[in-house]
>>> print(open('data-v7.cif').read())   # mmCIF, C-alpha atoms
data_model
#
loop_
_atom_site.label_atom_id
_atom_site.label_comp_id
_atom_site.auth_asym_id
_atom_site.auth_seq_id
_atom_site.Cartn_x
_atom_site.Cartn_y
_atom_site.Cartn_z
CA MET A 12 111.84 128.37 43.30
CA ARG A 13 109.16 125.81 43.96
CA PRO A 14 110.46 123.17 46.34
CA ALA A 15 110.51 119.62 45.04
CA SER A 16 107.92 118.55 47.57
CA MET A 17 105.39 120.88 45.94
CA LEU A 18 105.66 118.79 42.84
CA HIS A 19 104.56 115.77 44.79
CA VAL A 20 101.62 117.69 46.20
CA ARG A 21 100.31 119.21 43.00
CA LEU A 22 101.06 116.55 40.42
CA PRO A 23 98.21 114.19 41.30
CA LEU A 24 95.82 116.99 40.35
CA ALA A 25 97.30 116.98 36.89
CA ILE A 26 97.26 113.25 36.36
CA PHE A 27 94.60 111.43 34.42
CA SER A 28 94.27 107.75 33.91
CA SER A 29 91.58 105.40 32.79
CA SER A 30 91.17 101.79 33.66
CA PRO A 31 91.44 99.68 30.48
CA GLU A 32 87.82 98.60 30.48
CA ARG A 33 86.45 102.16 30.59
CA ASN A 34 86.42 104.79 27.92
CA SER A 35 85.82 107.91 29.97
CA PRO A 36 88.74 109.70 31.63
CA VAL A 37 88.98 109.28 35.36
CA ARG A 38 91.13 111.37 37.67
CA GLU A 39 92.29 108.48 39.76
CA ALA A 40 95.90 107.60 39.12
CA VAL A 41 98.76 108.46 41.39
CA PRO A 42 101.89 109.26 39.41
CA PHE A 43 105.12 107.44 39.74
CA VAL A 44 107.42 110.10 41.15
CA THR A 45 111.03 109.73 42.16
CA GLU A 46 113.68 112.34 42.81
CA GLN A 47 114.26 112.70 39.08
CA THR A 48 111.44 111.12 37.14
CA THR A 49 107.74 111.80 36.77
CA ARG A 50 105.36 109.83 34.60
CA LEU A 51 101.90 110.98 33.53
CA VAL A 52 99.22 108.98 31.80
CA LEU A 53 96.78 111.24 29.98
CA PRO A 54 93.48 110.66 28.21
CA SER A 55 93.30 111.61 24.55
CA HIS A 56 91.37 114.84 24.82
CA ILE A 57 92.55 118.38 24.30
CA GLU A 58 92.08 119.49 27.91
CA ALA A 59 94.90 117.13 28.88
CA VAL A 60 97.42 119.34 27.03
CA ALA A 61 97.20 121.99 29.75
CA ASP A 62 97.66 119.34 32.44
CA ALA A 63 100.82 118.07 30.74
CA ALA A 64 102.13 121.64 30.47
CA ALA A 65 101.38 122.34 34.14
CA ALA A 66 103.27 119.20 35.12
CA ALA A 67 106.16 120.20 32.86
CA THR A 68 106.38 123.62 34.51
CA GLY A 69 106.41 122.06 37.97
CA PHE A 70 109.03 119.56 36.98
CA VAL A 71 111.28 122.20 35.40
CA GLN A 72 111.10 124.21 38.60
CA SER A 73 111.88 121.15 40.70
CA CYS A 74 114.98 120.64 38.56
CA GLY A 75 116.07 124.19 39.45
CA LEU A 76 115.81 125.56 35.91
CA GLY A 77 114.90 129.12 35.03
CA GLU A 78 111.96 130.82 33.35
CA GLU A 79 113.48 131.00 29.86
CA ILE A 80 114.03 127.24 29.71
CA ALA A 81 110.61 126.71 31.27
CA PHE A 82 108.92 128.65 28.46
CA GLY A 83 110.54 126.54 25.74
CA ILE A 84 109.83 123.28 27.52
CA ASP A 85 106.23 124.27 28.15
CA MET A 86 105.89 125.04 24.45
CA ALA A 87 107.58 121.80 23.29
CA VAL A 88 105.56 119.63 25.70
CA ARG A 89 102.31 121.28 24.61
CA GLU A 90 103.10 120.66 20.96
CA ALA A 91 104.28 117.07 21.48
CA VAL A 92 101.25 116.16 23.60
CA THR A 93 98.88 117.91 21.17
CA ASN A 94 100.36 115.90 18.30
CA ALA A 95 100.09 112.68 20.31
CA ILE A 96 96.43 113.33 21.17
CA VAL A 97 95.22 114.80 17.87
CA HIS A 98 97.37 113.19 15.19
CA GLY A 99 98.60 110.08 17.02
CA ASN A 100 95.61 108.86 19.01
CA GLN A 101 93.06 110.76 16.86
CA GLU A 102 91.37 111.91 20.11
CA ASP A 103 90.28 108.32 20.76
CA GLU A 104 89.78 108.30 24.52
CA ALA A 105 90.34 104.56 24.64
CA LYS A 106 93.95 105.40 23.83
CA LYS A 107 96.39 107.00 26.26
CA VAL A 108 99.31 109.39 26.04
CA GLU A 109 102.19 108.77 28.39
CA VAL A 110 104.60 111.56 29.28
CA THR A 111 107.84 110.92 31.18
CA PHE A 112 110.06 113.68 32.53
CA ASN A 113 113.64 112.83 33.45
CA CYS A 114 115.91 115.39 35.11
CA LEU A 115 119.42 114.29 34.18
CA GLU A 116 122.68 115.82 35.35
CA HIS A 117 122.96 118.31 32.49
CA ALA A 118 119.72 117.88 30.59
CA LEU A 119 116.00 117.52 30.89
CA GLU A 120 114.67 114.61 28.86
CA ILE A 121 110.97 114.26 28.05
CA GLU A 122 109.33 111.36 26.29
CA VAL A 123 105.79 111.48 24.90
CA LYS A 124 104.29 108.19 23.79
CA ASP A 125 101.05 107.68 21.90
CA GLN A 126 99.15 104.63 20.68
CA GLY A 127 98.51 105.86 17.15
CA GLU A 128 99.44 104.57 13.73
CA GLY A 129 102.80 106.35 13.62
CA PHE A 130 103.90 109.11 11.30
CA ASP A 131 106.87 110.41 9.38
CA PRO A 132 108.07 113.81 10.66
CA ALA A 133 110.07 114.27 7.46
CA ALA A 134 106.77 114.38 5.59
CA VAL A 135 105.75 117.58 7.40
CA PRO A 136 106.67 120.53 5.17
CA ASP A 137 108.73 123.50 6.38
CA PRO A 138 106.11 125.95 7.73
CA THR A 139 108.42 128.90 7.13
CA ASP A 140 108.64 128.21 3.41
CA PRO A 141 106.75 130.97 1.55
CA ALA A 142 104.52 128.31 0.00
CA ASN A 143 103.39 127.21 3.46
CA ILE A 144 103.47 130.45 5.41
CA LEU A 145 99.67 130.91 5.32
CA LYS A 146 98.86 127.34 6.29
CA THR A 147 96.86 127.18 9.49
CA SER A 148 98.63 124.10 10.86
CA GLY A 149 101.97 122.31 10.67
CA ARG A 150 104.05 124.49 13.02
CA GLY A 151 104.16 122.20 16.06
CA ILE A 152 107.22 120.18 15.05
CA PHE A 153 109.01 123.34 13.97
CA LEU A 154 108.41 124.90 17.40
CA MET A 155 109.55 121.74 19.19
CA ARG A 156 112.80 121.79 17.21
CA THR A 157 113.21 125.51 17.84
CA PHE A 158 112.98 125.28 21.61
CA MET A 159 114.68 121.94 22.27
CA ASP A 160 118.24 120.78 21.61
CA GLU A 161 117.25 117.32 20.40
CA VAL A 162 113.93 116.03 19.04
CA ASP A 163 113.56 112.54 17.63
CA TRP A 164 110.77 110.14 16.86
CA LEU A 165 110.77 106.39 17.30
CA ALA A 166 108.20 103.84 16.17
CA ARG A 167 107.34 101.82 19.28
CA PRO A 168 107.57 98.03 18.85
CA GLU A 169 104.22 97.66 20.60
CA GLY A 170 102.64 100.26 18.28
CA GLY A 171 102.46 104.03 18.41
CA THR A 172 105.14 106.68 18.39
CA LYS A 173 107.56 107.92 21.00
CA VAL A 174 108.85 111.49 20.77
CA ARG A 175 111.99 112.23 22.75
CA LEU A 176 112.75 115.86 23.61
CA VAL A 177 116.03 116.92 25.20
CA LYS A 178 116.94 120.33 26.61
CA LYS A 179 120.53 120.69 27.77
CA PHE A 180 121.54 123.04 30.55
CA MET B 23 88.31 132.32 34.49
CA ALA B 24 88.24 131.95 30.74
CA GLU B 25 91.50 131.14 29.01
CA LEU B 26 91.07 134.12 26.71
CA ASN B 27 88.99 137.21 27.46
CA ILE B 28 88.06 139.42 24.52
CA ARG B 29 86.61 142.92 24.83
CA GLU B 30 85.32 144.72 21.75
CA ARG B 31 85.30 148.44 21.03
CA GLN B 32 84.91 150.62 17.96
CA ALA B 33 87.35 153.23 16.66
CA GLY B 34 85.45 154.66 13.67
CA ASP B 35 84.88 151.78 11.27
CA ILE B 36 87.67 149.77 12.86
CA THR B 37 86.84 147.16 15.48
CA VAL B 38 89.44 146.76 18.20
CA LEU B 39 89.56 143.49 20.12
CA ASP B 40 91.42 143.83 23.42
CA MET B 41 92.58 140.34 24.25
CA ASP B 42 93.75 139.06 27.58
CA GLY B 43 94.94 135.53 28.29
CA ARG B 44 96.33 132.68 26.22
CA ILE B 45 95.60 131.65 22.65
CA THR B 46 96.15 127.93 22.83
CA ILE B 47 94.53 124.80 21.48
CA GLY B 48 90.97 124.43 22.70
CA GLU B 49 89.20 127.28 24.43
CA GLY B 50 91.56 130.13 23.54
CA SER B 51 91.71 129.35 19.82
CA VAL B 52 87.97 128.76 19.66
CA ALA B 53 87.27 132.10 21.38
CA LEU B 54 89.34 133.98 18.79
CA ARG B 55 87.76 132.08 15.89
CA SER B 56 84.24 132.76 17.18
CA ALA B 57 84.94 136.46 17.67
CA ILE B 58 86.33 136.92 14.16
CA ARG B 59 83.52 134.90 12.58
CA ARG B 60 80.89 136.98 14.39
CA LEU B 61 82.48 140.29 13.37
CA LEU B 62 82.61 139.22 9.72
CA GLU B 63 78.96 138.18 9.87
CA GLU B 64 78.17 141.65 11.22
CA GLY B 65 80.05 143.20 8.31
CA LYS B 66 82.92 144.43 10.48
CA LYS B 67 85.90 143.74 8.25
CA ASN B 68 88.59 146.05 9.60
CA ILE B 69 89.90 144.50 12.78
CA LEU B 70 92.74 145.41 15.10
CA LEU B 71 93.81 142.70 17.56
CA ASN B 72 95.29 144.25 20.68
CA LEU B 73 97.52 141.44 21.98
CA ALA B 74 99.08 143.36 24.89
CA GLY B 75 97.50 140.97 27.35
CA VAL B 76 98.42 137.79 25.48
CA GLY B 77 101.58 136.35 26.94
CA TYR B 78 101.35 132.92 25.41
CA ILE B 79 100.33 131.37 22.13
CA ASP B 80 100.90 127.87 20.78
CA SER B 81 100.94 126.52 17.22
CA SER B 82 97.15 126.22 17.28
CA GLY B 83 96.83 129.86 18.31
CA ILE B 84 99.31 130.91 15.63
CA GLY B 85 97.23 128.93 13.14
CA GLU B 86 94.14 130.75 14.33
CA LEU B 87 95.79 134.14 13.74
CA VAL B 88 96.65 133.01 10.19
CA SER B 89 93.12 131.72 9.69
CA SER B 90 91.71 135.06 10.90
CA TYR B 91 94.02 136.94 8.56
CA THR B 92 93.00 134.93 5.49
CA ALA B 93 89.27 134.99 6.37
CA ILE B 94 89.28 138.77 6.79
CA ASN B 95 91.29 139.31 3.60
CA LYS B 96 88.88 137.09 1.70
CA GLU B 97 86.04 139.39 2.78
CA GLY B 98 87.96 142.43 1.56
CA GLY B 99 88.90 143.57 5.07
CA GLN B 100 92.13 144.05 6.94
CA LEU B 101 93.61 142.54 10.08
CA LYS B 102 96.37 144.28 12.01
CA LEU B 103 98.11 143.39 15.25
CA LEU B 104 98.83 145.76 18.14
CA SER B 105 101.20 145.58 21.11
CA LEU B 106 102.84 142.21 20.70
CA THR B 107 104.44 140.94 23.88
CA GLU B 108 108.11 140.02 23.60
CA LYS B 109 107.37 136.29 23.52
CA LEU B 110 104.67 136.69 20.90
CA ARG B 111 106.93 138.84 18.75
CA ASP B 112 109.68 136.21 19.02
CA LEU B 113 107.29 133.45 17.98
CA LEU B 114 105.94 135.39 15.01
CA THR B 115 109.52 136.24 14.02
CA ILE B 116 110.83 132.66 14.04
CA THR B 117 107.75 131.43 12.17
CA LYS B 118 108.35 134.30 9.68
CA LEU B 119 104.77 135.48 10.16
CA LEU B 120 105.88 139.02 10.97
CA THR B 121 106.54 139.25 7.23
CA VAL B 122 102.81 138.62 6.73
CA PHE B 123 101.15 140.46 9.59
CA ASP B 124 101.05 144.23 9.98
CA ALA B 125 102.09 144.78 13.61
CA TYR B 126 102.24 148.08 15.51
CA ASP B 127 103.33 149.24 18.94
CA ALA B 128 101.09 152.34 19.06
CA GLU B 129 97.33 152.14 18.58
CA ALA B 130 97.19 155.49 16.79
CA ASP B 131 99.70 154.25 14.20
CA ALA B 132 97.77 151.03 13.71
CA LEU B 133 94.44 152.83 13.27
CA SER B 134 95.85 155.36 10.81
CA ASN B 135 97.23 152.61 8.59
CA PHE B 136 93.89 151.01 7.80
CA LYS B 137 92.87 151.91 4.26
#
>>> encode(input="data-v7.cif", output="structure tokens")
Amino acid sequence: MRPASMLHVRLPLAIFSSSPERNSPVREAVPFVTEQTTRLVLPSHIEAVADAAAAATGFVQSCGLGEEIAFGIDMAVREAVTNAIVHGNQEDEAKKVEVTFNCLEHALEIEVKDQGEGFDPAAVPDPTDPANILKTSGRGIFLMRTFMDEVDWLARPEGGTKVRLVKKF
Amino acid sequence: MAELNIRERQAGDITVLDMDGRITIGEGSVALRSAIRRLLEEGKKNILLNLAGVGYIDSSGIGELVSSYTAINKEGGQLKLLSLTEKLRDLLTITKLLTVFDAYDAEADALSNFK
């Protein structure tokens, strides 16, 4: 198992942040890391998905969880961050995606916040319905629900959407 | 190292793509899309994707497999899958795409089932 201190060493490599007056991503931020919480601020471009997933894997290991849970969390985080970047922020690099990992006593809780216009998850059709089976998109939410115990969406008062993912253990 | 490495070989009129890496949003999905598009432009319509080296795929990668399948069918060709890893098989099962794709464990079986 990766010791918790490794998380502190490697996470800054996975963190992106931009100062508000600049549009290009800058690898400059130091994450807020405590014993149980890590927060990432990501630019709205696709390459940031892998950084979020790498941070998720490190955090899962620091919480002492196994490979099977790690796979599902990696998948759910990738899908949530992809949605936030592509559908939420529309890949507008002036907008940020914030990811928070909380290791609770019997659960891992992840929040992904975007600055988009919001959306209705109920409006996304069931991708396993025969009518939708050959669609090339629309499986992200389904996979998030498959691998996590709880998935919910909240409209943020300040604008944007917050997705909350919970995996119990 | 590239996210997804693709090596091409011929088995009669069937093109086998040996894939190694991850098919995820961005580079991996684009690499698969480019490879399929190029083969169709070259008139190679019978394609076997050897996924033995692909341990991870996300919804974008799954979408790219579906897109490949429909593009090849539209050209009158066939797409088949070979050597799914356990994780990939699980994902294609829960998304019900194993009811769409022809998947094989043995290359000889896959090749003999192209029409």
>>> closest_residue(input="data-v7.cif", among="B:Gly48, B:Gly99, B:Gly77, B:Gly65", to="chain A", atoms="all atoms listed in the file")
B:Gly48
>>> resolve_selection(input="data-v7.cif", expression="the PyMOL selection byres ((chain B) within 7 of (chain A))", output="list in words")
Gly48, Asp80, Ser81, Ser82, Gly85, Glu86, Val88, Ser89, Thr117 and Lys118 of chain B
>>> resolve_selection(input="data-v7.cif", expression="the PyMOL selection byres ((chain B and resi 23-40) around 9)", output="MDAnalysis selection string")
chainID B and resid 41:46 49:51 53:54 57 61 66:76 133 136
>>> residues_around(input="data-v7.cif", residues="A:Lys178", least_positions_apart="6", cutoff="7 Å", atoms="all atoms listed in the file", output="VMD selection string")
chain A and resid 118 to 120 159 to 161
>>> closest_residue(input="data-v7.cif", among="B:Val122, B:Ala128, B:Ile79, B:Ile47", to="B:Gln100", atoms="only C-alpha atoms")
B:Val122
>>> resolve_selection(input="data-v7.cif", expression="the PyMOL selection byres ((chain B and resi 109) around 10)", output="list of chain:residue names")
A:Phe82, B:Val76, B:Gly77, B:Tyr78, B:Ile79, B:Leu106, B:Thr107, B:Glu108, B:Leu110, B:Arg111, B:Asp112, B:Leu113, B:Leu114, B:Thr115
>>> residues_near_point(input="data-v7.cif", point="(121.9, 119.4, 34.4)", cutoff="9 Å", atoms="only C-alpha atoms", output="VMD selection string")
chain A and resid 74 76 114 to 119 179 to 180
>>> atom_distance(input="data-v7.cif", atom1="atom CA of A:Ile80", atom2="atom CA of A:Arg50")
20.1 Å
>>> closest_residue(input="data-v7.cif", among="B:Lys137, B:Leu101, B:Thr92, B:Gly83", to="B:Ala125", atoms="all atoms listed in the file")
B:Leu101
>>> atom_distance(input="data-v7.cif", atom1="atom CA of A:Gly99", atom2="atom CA of B:Ile84")
20.9 Å
>>> atom_distance(input="data-v7.cif", atom1="atom CA of B:Arg55", atom2="atom CA of B:Lys102")
15.4 Å
>>> closest_residue(input="data-v7.cif", among="B:Ile58, B:Val52, B:Leu119, B:Ala130", to="B:Asn95", atoms="all atoms listed in the file")
B:Ile58
>>> residues_around(input="data-v7.cif", residues="A:Pro168", least_positions_apart="2", cutoff="12 Å", atoms="all atoms listed in the file", output="PyMOL selection string")
chain A and resi 124+126+128-129+165-166+170-173
>>> closest_residue(input="data-v7.cif", among="A:Asn143, A:Val162, A:Pro54, A:Ala133", to="A:Val88", atoms="all atoms listed in the file")
A:Val162
>>> closest_residue(input="data-v7.cif", among="B:Asp127, B:Ala132, B:Ser56, B:Leu62", to="B:Ile94", atoms="only C-alpha atoms")
B:Leu62
